[in-house]
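Asks: Got a structure for you, questions after.
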Amino acid sequence: MSPFDKPAAIFAAVILGFAGTGVAMGMPLLVGAMADSLGFGEQELGWLASSDMTGLLIGSMLTSLVVARANRRTLAAVGLILVILANYFSTQSTDLVPLMMSRLGAGIGAGICYSTCTASLAGSHNSARTFSILLFVLVVMNAFIFYVFPMINERWGVNGLFMFYLFEAVPILLILPLLPRYCSQEENTAVAMADADASSIKSKIPELLPRLCLVAVFSFYILVGAYWAFIERAGVAADLSSEFISGTLTWGQIFSLTGTLLAVWLARRFGQSKPLLFALMIMIITMLILAVSVDAITFFFSVFSFSFFWIFIDVFQLGTLSNIDHSGRYAAMVPACQGAAQAIAPTMAGILLSYQLGFSSVMIMCALATAVALYIYFDVYRRLLQIAPDVADSD
């Protein structure tokens, strides 16, 4: 058994994912808390959200360059320490620029943690199952976040949320010894085998295809970054109650758990490409419906649809790249692409809102970005059917 397939290694990587995704998943309530506690406007909130996501990009890019050979326990420890320190410093200043710097540092730490997590899981032999486990656990954790954040914000304000992220990261340091670190002969052999698998696949699959998949990840996460940063604000603008907004976001996260379970079953029956294309089409329709009108019904529908298909799509995006490249090099770059898009998207949405174009313009932007991802994945699937049909429809 590869060290990456051991239950303890999968457990450690999944728990490490908490520190890497917590801020991104909790962004709507974090943005709302910063607006309430600190009084920032929409554009400033976009800059702050982008600071976290820019840090995620930087941390992920740096990690992807060294993760194949570096000690992953050390990488994860560095990331967690950055998360802890940056969230502490976020509580020390209410000025925009110092807070942006603190959020940038928190994002860098999160990027290191998440990229190390995905690279480790990509080395397993059943990618759809492994990434479904990751996303299932993360959704449970983030449903808990949406449940407790309003209570924390009501009592302690945004500083309470920063401290939540700090205290979340501390105990994760204790499970790092379970993470493979490529020091033993067994682990080095596993890396060599993964590299050999990657070379074998590259003999049939051109480098262009996994790179196109990364572009598609970036494009899809323009939707994620813009929608997720401002959906809470869109609900407030539509005069929806804070209880309804928070409850919908929480139950939407819980409902999305079914997406992780369904993804494994569909992957075994239809492969990964066909369900991915279908899910992207549904996401486009969801954004267009919300662009027409934001009310209680469309808000509820969009949150549930987005939450379900976001997780669903992530399983297949990571699984597709893992099937193309078992070494994990491209899967390790996924957080960088996600971070880049989520760094740009809130600022883009904030600019549209600052020009008084309304939340409909943000949703149209989201739909267009998803359409680009749909086109790219369709083209990749068509090419794989011609040159490597076993990979095109693999699970």
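Ordering of the structure tokens sets the chain letters (A, B, ...), residue numbers begin anew at 1 in every chain, and ligands are numbered from 1 in the order given.
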Write out as an NGL selection string which residues come within 10 Å of Val148 in chain A when counting only C-alpha atoms, dropping same-chain ones fewer than 3 positions away.
Replies: :A and (142-145 or 151-153 or 161 or 164 or 246 or 250)
Asks: Kindly assemble as CSV a list of the range 217-257 of chain A residues that lie within 8 Å of range 279-302 of chain A, each paired with its nearest atom pair and their distance in Å to one decimal, using only C-alpha atoms, sorted first by chain and then by ascending residue number.
Replies:
```
residue,atom,partner,partner_atom,distance
A:Ala234,CA,A:Val294,CA,7.3
A:Gly235,CA,A:Phe299,CA,7.0
A:Ala238,CA,A:Asp295,CA,6.1
A:Leu240,CA,A:Ala296,CA,6.8
A:Thr248,CA,A:Phe300,CA,6.3
```
Asks: Could you pull out the alpha helix (DSSP H) residues of range 76-275 of chain A from DSSP and send them as a ChimeraX atom specification?
Replies: /A:76-90,96-122,127-156,158-169,185-202,208-237,242-255,257-270,273-275
Asks: Each residue of range 270-345 of chain A with at least one atom at most 12 Å from range 11-34 of chain A should appear once, together with its nearest atom pair and the corresponding distance in Å (one decimal); atoms considered: only C-alpha atoms; ordering: chain, then increasing residue number; output as a tab-separated table.
Replies:
```
residue	atom	partner	partner_atom	distance
A:Val303	CA	A:Pro28	CA	11.5
A:Ser307	CA	A:Met25	CA	10.2
A:Trp310	CA	A:Met25	CA	10.9
A:Ile311	CA	A:Met25	CA	11.0
A:Pro335	CA	A:Gly20	CA	9.2
A:Ala336	CA	A:Gly20	CA	11.7
A:Gln338	CA	A:Ala24	CA	10.0
A:Gly339	CA	A:Ala24	CA	9.2
A:Ala341	CA	A:Ala24	CA	11.8
A:Gln342	CA	A:Ala24	CA	8.5
A:Ala343	CA	A:Ala24	CA	10.5
```
